[in-house]
file model15.txt (compact mmCIF, C-alpha atoms)
# COMPACT_ATOMS: atom_id res chain seq x y z
CA MET V 1 -5.01 8.57 -20.72
CA LYS V 2 -6.83 5.31 -21.26
CA ILE V 3 -6.92 3.29 -18.04
CA ALA V 4 -7.75 -0.34 -17.26
CA LEU V 5 -9.35 -0.82 -13.85
CA ILE V 6 -8.63 -4.26 -12.42
CA GLY V 7 -10.89 -4.60 -9.41
CA TYR V 8 -14.16 -2.70 -9.20
CA GLY V 9 -15.09 -2.65 -5.55
CA LYS V 10 -15.48 0.47 -3.45
CA MET V 11 -11.92 1.55 -4.14
CA GLY V 12 -12.21 0.84 -7.86
CA ARG V 13 -15.34 2.96 -8.11
CA GLU V 14 -13.69 5.83 -6.25
CA ILE V 15 -10.69 5.60 -8.57
CA GLU V 16 -13.04 5.67 -11.56
CA ARG V 17 -14.69 8.84 -10.26
CA ILE V 18 -11.36 10.62 -9.85
CA LEU V 19 -10.07 9.42 -13.23
CA VAL V 20 -13.10 10.93 -14.95
CA GLU V 21 -12.73 14.16 -12.96
CA ARG V 22 -9.12 14.45 -14.16
CA GLY V 23 -10.07 13.94 -17.80
CA HIS V 24 -9.06 10.29 -18.26
CA SER V 25 -11.11 7.52 -19.83
CA ILE V 26 -11.78 3.95 -18.69
CA ALA V 27 -10.83 1.51 -21.45
CA LEU V 28 -11.48 -1.71 -19.52
CA ILE V 29 -13.05 -2.74 -16.22
CA VAL V 30 -12.29 -6.21 -14.86
CA ASP V 31 -13.95 -7.55 -11.73
CA ARG V 32 -14.68 -10.96 -10.22
CA ASP V 33 -17.50 -11.64 -12.71
CA ASN V 34 -15.40 -11.08 -15.85
CA THR V 35 -11.85 -12.07 -14.95
CA ASP V 36 -11.41 -13.72 -18.35
CA ASP V 37 -11.57 -10.26 -19.94
CA LEU V 38 -8.10 -9.46 -18.59
CA THR V 39 -6.10 -10.41 -21.68
CA PRO V 40 -3.24 -8.81 -23.64
CA GLU V 41 -5.69 -8.26 -26.50
CA ASN V 42 -8.11 -6.29 -24.31
CA LEU V 43 -5.23 -4.30 -22.84
CA HIS V 44 -4.09 -3.12 -26.28
CA GLY V 45 -3.97 0.67 -26.40
CA VAL V 46 -4.20 1.07 -22.62
CA ASP V 47 -1.80 3.63 -21.13
CA ALA V 48 -1.78 2.17 -17.61
CA ALA V 49 -3.63 -0.34 -15.44
CA ILE V 50 -4.67 0.20 -11.82
CA GLU V 51 -4.96 -3.04 -9.85
CA PHE V 52 -6.89 -3.27 -6.54
CA THR V 53 -8.09 -6.85 -6.11
CA THR V 54 -7.24 -9.63 -3.64
CA PRO V 55 -4.00 -11.20 -2.37
CA SER V 56 -4.77 -14.44 -4.24
CA THR V 57 -5.27 -12.78 -7.65
CA ALA V 58 -2.87 -9.83 -7.65
CA PHE V 59 0.25 -11.57 -8.95
CA ASP V 60 -1.44 -13.17 -11.96
CA ASN V 61 -3.09 -9.85 -12.83
CA LEU V 62 0.30 -8.14 -12.77
CA ARG V 63 1.83 -10.87 -14.91
CA ILE V 64 -0.77 -10.34 -17.64
CA CYS V 65 -0.15 -6.59 -17.60
CA PHE V 66 3.62 -7.06 -17.87
CA GLU V 67 3.21 -9.50 -20.74
CA ALA V 68 0.96 -6.97 -22.50
CA GLY V 69 3.52 -4.20 -22.03
CA VAL V 70 1.12 -2.11 -19.92
CA PRO V 71 2.45 -0.11 -16.95
CA VAL V 72 0.62 -1.20 -13.83
CA VAL V 73 -0.14 0.47 -10.50
CA CYS V 74 -0.87 -2.07 -7.76
CA GLY V 75 -2.60 -1.28 -4.48
CA THR V 76 -3.46 -4.81 -3.38
CA THR V 77 -1.89 -5.78 -0.05
CA GLY V 78 -1.35 -9.13 1.63
CA TRP V 79 0.63 -10.71 -1.21
CA THR V 80 4.05 -9.08 -0.79
CA GLU V 81 5.88 -12.37 -0.26
CA ARG V 82 5.83 -12.41 -4.10
CA LEU V 83 6.70 -8.74 -4.56
CA HIS V 84 10.32 -9.42 -5.55
CA GLU V 85 9.10 -12.04 -8.00
CA ALA V 86 6.75 -9.49 -9.56
CA GLU V 87 9.54 -6.92 -9.81
CA ALA V 88 11.78 -9.48 -11.54
CA LEU V 89 8.99 -10.32 -13.99
CA CYS V 90 8.51 -6.63 -14.73
CA ARG V 91 12.21 -6.22 -15.52
CA GLN V 92 12.15 -9.37 -17.66
CA HIS V 93 9.44 -7.84 -19.86
CA GLY V 94 10.94 -4.34 -19.79
CA GLY V 95 7.80 -2.99 -18.18
CA ALA V 96 6.79 -0.50 -15.52
CA PHE V 97 5.51 -1.35 -12.05
CA PHE V 98 4.35 1.04 -9.34
CA TYR V 99 3.63 -0.52 -5.94
CA ALA V 100 2.65 1.07 -2.63
CA SER V 101 1.04 -0.39 0.46
CA ASN V 102 -0.87 2.90 0.72
CA TYR V 103 -1.41 5.61 -1.93
CA SER V 104 -2.58 8.40 0.38
CA ILE V 105 -0.28 11.42 0.26
CA GLY V 106 -0.93 11.97 3.96
CA VAL V 107 0.00 8.40 4.83
CA ASN V 108 3.24 8.63 2.88
CA VAL V 109 4.17 11.82 4.75
CA PHE V 110 3.24 9.83 7.89
CA PHE V 111 5.67 7.10 6.79
CA GLU V 112 8.41 9.74 6.58
CA VAL V 113 7.59 11.07 10.06
CA ASN V 114 7.59 7.49 11.39
CA ARG V 115 11.07 6.87 9.99
CA LYS V 116 12.45 10.11 11.45
CA LEU V 117 10.86 9.42 14.84
CA ALA V 118 12.21 5.86 14.95
CA GLU V 119 15.73 7.12 14.26
CA LEU V 120 15.39 9.50 17.20
CA MET V 121 13.76 7.01 19.60
CA ASN V 122 16.44 4.38 18.96
CA ARG V 123 18.53 6.35 21.45
CA PHE V 124 15.98 5.98 24.25
CA GLY V 125 15.71 2.36 25.35
CA ALA V 126 13.17 3.07 28.09
CA TYR V 127 10.44 3.40 25.44
CA ASP V 128 8.64 0.39 24.03
CA VAL V 129 7.01 0.82 20.63
CA THR V 130 3.79 -0.64 19.23
CA VAL V 131 1.69 -0.22 16.08
CA GLU V 132 -2.11 -0.33 15.92
CA GLU V 133 -4.30 -0.32 12.80
CA THR V 134 -8.09 -0.04 12.60
CA HIS V 135 -10.08 -0.77 9.42
CA HIS V 136 -13.54 -1.70 8.20
CA THR V 137 -14.69 -5.28 8.70
CA GLN V 138 -14.51 -6.05 4.95
CA LYS V 139 -10.73 -5.65 4.84
CA LYS V 140 -9.32 -9.04 3.90
CA ASP V 141 -5.77 -8.83 5.29
CA ALA V 142 -4.54 -8.23 8.83
CA PRO V 143 -2.26 -6.60 9.74
CA SER V 144 -2.79 -4.03 7.01
CA GLY V 145 -0.07 -3.44 4.45
CA THR V 146 0.32 0.07 5.84
CA ALA V 147 0.91 -1.27 9.35
CA ILE V 148 3.49 -3.72 8.03
CA THR V 149 5.28 -0.88 6.21
CA LEU V 150 5.31 1.18 9.40
CA ALA V 151 6.65 -1.80 11.36
CA GLY V 152 9.34 -2.55 8.78
CA ASP V 153 10.60 1.02 8.86
CA ILE V 154 10.71 0.88 12.67
CA LEU V 155 12.60 -2.43 12.65
CA ASP V 156 15.18 -0.91 10.30
CA ARG V 157 15.86 1.85 12.83
CA ILE V 158 15.14 0.53 16.35
CA ASP V 159 17.96 -1.83 17.31
CA ARG V 160 16.08 -3.36 20.24
CA LYS V 161 13.32 -4.66 17.95
CA THR V 162 14.14 -7.55 15.59
CA ARG V 163 10.75 -8.68 14.24
CA TRP V 164 7.07 -7.80 14.26
CA THR V 165 4.28 -9.97 15.56
CA SER V 166 0.53 -9.82 15.07
CA GLY V 167 -1.23 -9.44 18.40
CA THR V 168 -0.10 -9.07 22.00
CA THR V 169 3.41 -10.13 22.96
CA THR V 170 5.60 -9.93 26.07
CA GLU V 171 8.84 -10.62 24.19
CA PRO V 172 10.98 -7.47 24.35
CA ASP V 173 12.52 -7.85 20.87
CA ALA V 174 9.12 -8.20 19.14
CA LEU V 175 7.22 -5.23 17.73
CA GLU V 176 3.51 -5.69 18.40
CA ILE V 177 1.00 -4.87 15.65
CA ALA V 178 -2.60 -4.78 16.90
CA SER V 179 -5.40 -5.08 14.31
CA VAL V 180 -8.90 -3.81 15.05
CA ARG V 181 -11.91 -4.26 12.72
CA ARG V 182 -14.95 -1.97 12.96
CA SER V 183 -17.92 -1.40 10.67
CA VAL V 184 -17.13 1.68 8.54
CA VAL V 185 -13.61 2.85 9.40
CA PRO V 186 -11.57 3.75 6.26
CA GLY V 187 -8.26 3.42 8.13
CA ILE V 188 -6.51 4.60 11.30
CA HIS V 189 -2.84 3.91 12.03
CA THR V 190 -1.05 4.80 15.26
CA VAL V 191 2.56 4.32 16.34
CA THR V 192 3.05 4.59 20.10
CA TYR V 193 6.21 4.91 22.19
CA GLU V 194 5.60 4.34 25.91
CA SER V 195 7.82 4.44 28.97
CA GLU V 196 7.02 4.41 32.68
CA ALA V 197 7.06 8.20 32.55
CA ASP V 198 5.00 9.10 29.48
CA VAL V 199 3.48 8.20 26.12
CA LEU V 200 4.35 9.64 22.72
CA SER V 201 2.27 8.72 19.66
CA ILE V 202 1.66 9.70 16.05
CA THR V 203 -1.57 8.93 14.19
CA HIS V 204 -2.95 9.10 10.67
CA CYS V 205 -6.74 8.91 10.34
CA ALA V 206 -8.31 8.61 6.90
CA LYS V 207 -11.64 10.44 6.56
CA ASN V 208 -12.66 8.57 3.39
CA ARG V 209 -11.22 6.69 0.39
CA CYS V 210 -10.60 9.82 -1.68
CA GLY V 211 -6.98 10.28 -0.60
CA PHE V 212 -6.07 6.68 -1.43
CA ALA V 213 -7.79 6.79 -4.81
CA THR V 214 -6.28 10.14 -5.76
CA GLY V 215 -2.78 8.87 -5.02
CA ALA V 216 -3.37 5.79 -7.18
CA VAL V 217 -4.51 7.96 -10.09
CA MET V 218 -1.48 10.22 -9.65
CA ALA V 219 0.71 7.09 -9.70
CA ALA V 220 -0.88 6.00 -13.00
CA GLU V 221 -0.24 9.43 -14.48
CA PHE V 222 3.37 9.21 -13.28
CA VAL V 223 4.14 5.71 -14.54
CA ALA V 224 2.51 5.93 -17.99
CA GLY V 225 5.19 5.83 -20.69
CA LYS V 226 7.94 4.87 -18.25
CA LYS V 227 9.92 1.69 -17.62
CA GLY V 228 11.15 0.52 -14.25
CA ILE V 229 10.10 -0.04 -10.63
CA PHE V 230 8.55 2.93 -8.82
CA SER V 231 7.08 3.84 -5.43
CA MET V 232 5.44 6.78 -3.68
CA LYS V 233 8.90 8.09 -2.81
CA ASP V 234 9.49 8.63 -6.53
CA LEU V 235 6.10 10.27 -7.02
CA LEU V 236 6.30 12.59 -4.03
CA GLY V 237 10.04 13.27 -4.02
CA LEU V 238 10.56 11.81 -0.54
CA GLU V 239 13.89 10.43 0.68
call {"tool": "encode", "arguments": {"input": "model15.txt", "output": "structure tokens"}}
result
Amino acid sequence: MKIALIGYGKMGREIERILVERGHSIALIVDRDNTDDLTPENLHGVDAAIEFTTPSTAFDNLRICFEAGVPVVCGTTGWTERLHEAEALCRQHGGAFFYASNYSIGVNVFFEVNRKLAELMNRFGAYDVTVEETHHTQKKDAPSGTAITLAGDILDRIDRKTRWTSGTTTEPDALEIASVRRSVVPGIHTVTYESEADVLSITHCAKNRCGFATGAVMAAEFVAGKKGIFSMKDLLGLE
């Protein structure tokens, strides 16, 4: 496949490495210094685009891909208040859009475990639940998109929680998400259930960026030639 890389930071470079390993070619690289190169003309002949940029630029990048008829995989987080708008734009142009807050296979299995655990713990009101995420200091959004996904799945299943909040809270209906920033941490996410009697927790700890990048490349392979809205559940066959 011929791939356009939109965003060429640490993640973009790791995606490039895996694309080459899997026999794909890079048709276009767009970063902050050449944003004007992202045009329908330059996207001609591209099989899929992989977009990892910033919350302020993601939507416009997606729009250009949809207008060019190029399937796009987006891994940018922190902009999801416009996600439904992007999905509508994709359908308007008859395109293909693959979005995930996290492309790691392990994290998406973790999401599934989190959903199953929340369904079970809904029965046990003595347990409070919290989410904590730890990332490198360069991460631009907090809480992370992964933490927000975890929280949303919990809110859908734990009746005693009605909303999430960033930081410490004493309000019983609020689900606390704590964000920690350290120098070189790729990503750690923990969901904790605690009562007066004991603590139960589940954790995913990323060792490096390889898992995230590999999942994004697999998503591009999956979405090329398709039309519609897709997620990691489609790619991995999860419920």
call {"tool": "residues_around", "arguments": {"input": "model15.txt", "residues": "Cys74 of chain V", "least_positions_apart": "3", "cutoff": "7 Å", "atoms": "all atoms listed in the file", "output": "list in words"}}
result
Ile50, Glu51, Phe52, Phe98, Tyr99 and Ala100 of chain V
call {"tool": "write_last_selection", "arguments": {"input": "model15.txt", "atoms": "C-alpha atoms", "output": "short mmCIF file (atom, residue, chain, number, x, y, z; two decimals), keeping the file's coordinate frame"}}
result
data_model
loop_
_atom_site.label_atom_id
_atom_site.label_comp_id
_atom_site.auth_asym_id
_atom_site.auth_seq_id
_atom_site.Cartn_x
_atom_site.Cartn_y
_atom_site.Cartn_z
CA ILE V 50 -4.67 0.20 -11.82
CA GLU V 51 -4.96 -3.04 -9.85
CA PHE V 52 -6.89 -3.27 -6.54
CA PHE V 98 4.35 1.04 -9.34
CA TYR V 99 3.63 -0.52 -5.94
CA ALA V 100 2.65 1.07 -2.63
#
call {"tool": "closest_residue", "arguments": {"input": "model15.txt", "among": "V:Val180, V:Leu236, V:Ala206, V:Val73", "to": "Val107 of chain V", "atoms": "only C-alpha atoms"}}
result
V:Ala206
call {"tool": "closest_atom_pairs", "arguments": {"input": "model15.txt", "of": "segment 90-158 of chain V", "to": "segment 186-200 of chain V", "cutoff": "12 Å", "atoms": "only C-alpha atoms", "output": "CSV"}}
result
residue,atom,partner,partner_atom,distance
V:Asn102,CA,V:Gly187,CA,10.5
V:Ser104,CA,V:Gly187,CA,10.8
V:Gly106,CA,V:His189,CA,11.6
V:Val107,CA,V:His189,CA,8.9
V:Asn108,CA,V:His189,CA,12.0
V:Phe110,CA,V:His189,CA,9.4
V:Phe111,CA,V:Val191,CA,10.4
V:Val113,CA,V:Val191,CA,10.5
V:Asn114,CA,V:Val191,CA,7.7
V:Arg115,CA,V:Val191,CA,10.9
V:Leu117,CA,V:Tyr193,CA,9.8
V:Ala118,CA,V:Tyr193,CA,9.5
V:Leu120,CA,V:Tyr193,CA,11.4
V:Met121,CA,V:Tyr193,CA,8.3
V:Asn122,CA,V:Tyr193,CA,10.7
V:Phe124,CA,V:Ser195,CA,9.6
V:Gly125,CA,V:Ser195,CA,8.9
V:Ala126,CA,V:Ser195,CA,5.6
V:Tyr127,CA,V:Ser195,CA,4.5
V:Asp128,CA,V:Glu194,CA,5.3
V:Val129,CA,V:Tyr193,CA,4.4
V:Thr130,CA,V:Thr192,CA,5.4
V:Val131,CA,V:Val191,CA,4.6
V:Glu132,CA,V:Thr190,CA,5.3
V:Glu133,CA,V:His189,CA,4.5
V:Thr134,CA,V:Ile188,CA,5.1
V:His135,CA,V:Gly187,CA,4.7
V:His136,CA,V:Pro186,CA,6.1
V:Thr137,CA,V:Pro186,CA,9.9
V:Gln138,CA,V:Pro186,CA,10.3
V:Lys139,CA,V:Pro186,CA,9.5
V:Pro143,CA,V:His189,CA,10.8
V:Ser144,CA,V:Gly187,CA,9.3
V:Gly145,CA,V:His189,CA,10.9
V:Thr146,CA,V:His189,CA,7.9
V:Ala147,CA,V:His189,CA,6.9
V:Ile148,CA,V:His189,CA,10.7
V:Thr149,CA,V:His189,CA,11.1
V:Leu150,CA,V:Val191,CA,8.1
V:Ala151,CA,V:Val191,CA,8.9
V:Asp153,CA,V:Val191,CA,11.5
V:Ile154,CA,V:Val191,CA,9.6
V:Ile158,CA,V:Tyr193,CA,11.5
call {"tool": "residues_around", "arguments": {"input": "model15.txt", "residues": "segment 33-37 of chain V", "least_positions_apart": "6", "cutoff": "10 Å", "atoms": "all atoms listed in the file", "output": "PyMOL selection string"}}
result
chain V and resi 6-7+43+57+61
call {"tool": "write_last_selection", "arguments": {"input": "model15.txt", "atoms": "C-alpha atoms", "output": "short mmCIF file (atom, residue, chain, number, x, y, z; two decimals), keeping the file's coordinate frame"}}
result
data_model
loop_
_atom_site.label_atom_id
_atom_site.label_comp_id
_atom_site.auth_asym_id
_atom_site.auth_seq_id
_atom_site.Cartn_x
_atom_site.Cartn_y
_atom_site.Cartn_z
CA ILE V 6 -8.63 -4.26 -12.42
CA GLY V 7 -10.89 -4.60 -9.41
CA LEU V 43 -5.23 -4.30 -22.84
CA THR V 57 -5.27 -12.78 -7.65
CA ASN V 61 -3.09 -9.85 -12.83
#
call {"tool": "residues_near_point", "arguments": {"input": "model15.txt", "point": "(-14.4, 1.9, -3.1)", "cutoff": "12 Å", "atoms": "all atoms listed in the file", "output": "ChimeraX atom specification"}}
result
/V:7-18,52-53,136,138-139,184,186,208-214
call {"tool": "atom_distance", "arguments": {"input": "model15.txt", "atom1": "atom CA of Thr76 of chain V", "atom2": "atom CA of Leu5 of chain V"}}
result
12.7 Å
call {"tool": "atom_distance", "arguments": {"input": "model15.txt", "atom1": "atom CA of Leu175 of chain V", "atom2": "atom CA of Thr203 of chain V"}}
result
17.0 Å
call {"tool": "atom_distance", "arguments": {"input": "model15.txt", "atom1": "atom CA of Phe97 of chain V", "atom2": "atom CA of Val70 of chain V"}}
result
9.0 Å
call {"tool": "residues_around", "arguments": {"input": "model15.txt", "residues": "Asp173 of chain V", "least_positions_apart": "3", "cutoff": "8 Å", "atoms": "only C-alpha atoms", "output": "PDB file with C-alpha atoms, in the coordinates of the input"}}
result
ATOM      1  CA  ARG V 160      16.080  -3.360  20.240  1.00  0.00           C
ATOM      2  CA  LYS V 161      13.320  -4.660  17.950  1.00  0.00           C
ATOM      3  CA  THR V 162      14.140  -7.550  15.590  1.00  0.00           C
ATOM      4  CA  ARG V 163      10.750  -8.680  14.240  1.00  0.00           C
TER       5      ARG V 163
END
call {"tool": "closest_residue", "arguments": {"input": "model15.txt", "among": "V:Gly69, V:Gly23, V:Gly152, V:Gly78", "to": "Ala49 of chain V", "atoms": "all atoms listed in the file"}}
result
V:Gly69
call {"tool": "residues_around", "arguments": {"input": "model15.txt", "residues": "Ile64 of chain V", "least_positions_apart": "4", "cutoff": "8 Å", "atoms": "all atoms listed in the file", "output": "MDAnalysis selection string"}}
result
chainID V and resid 38:40 60 68
call {"tool": "closest_residue", "arguments": {"input": "model15.txt", "among": "V:Val20, V:Ala96, V:Cys205, V:Ala86", "to": "Val223 of chain V", "atoms": "only C-alpha atoms"}}
result
V:Ala96
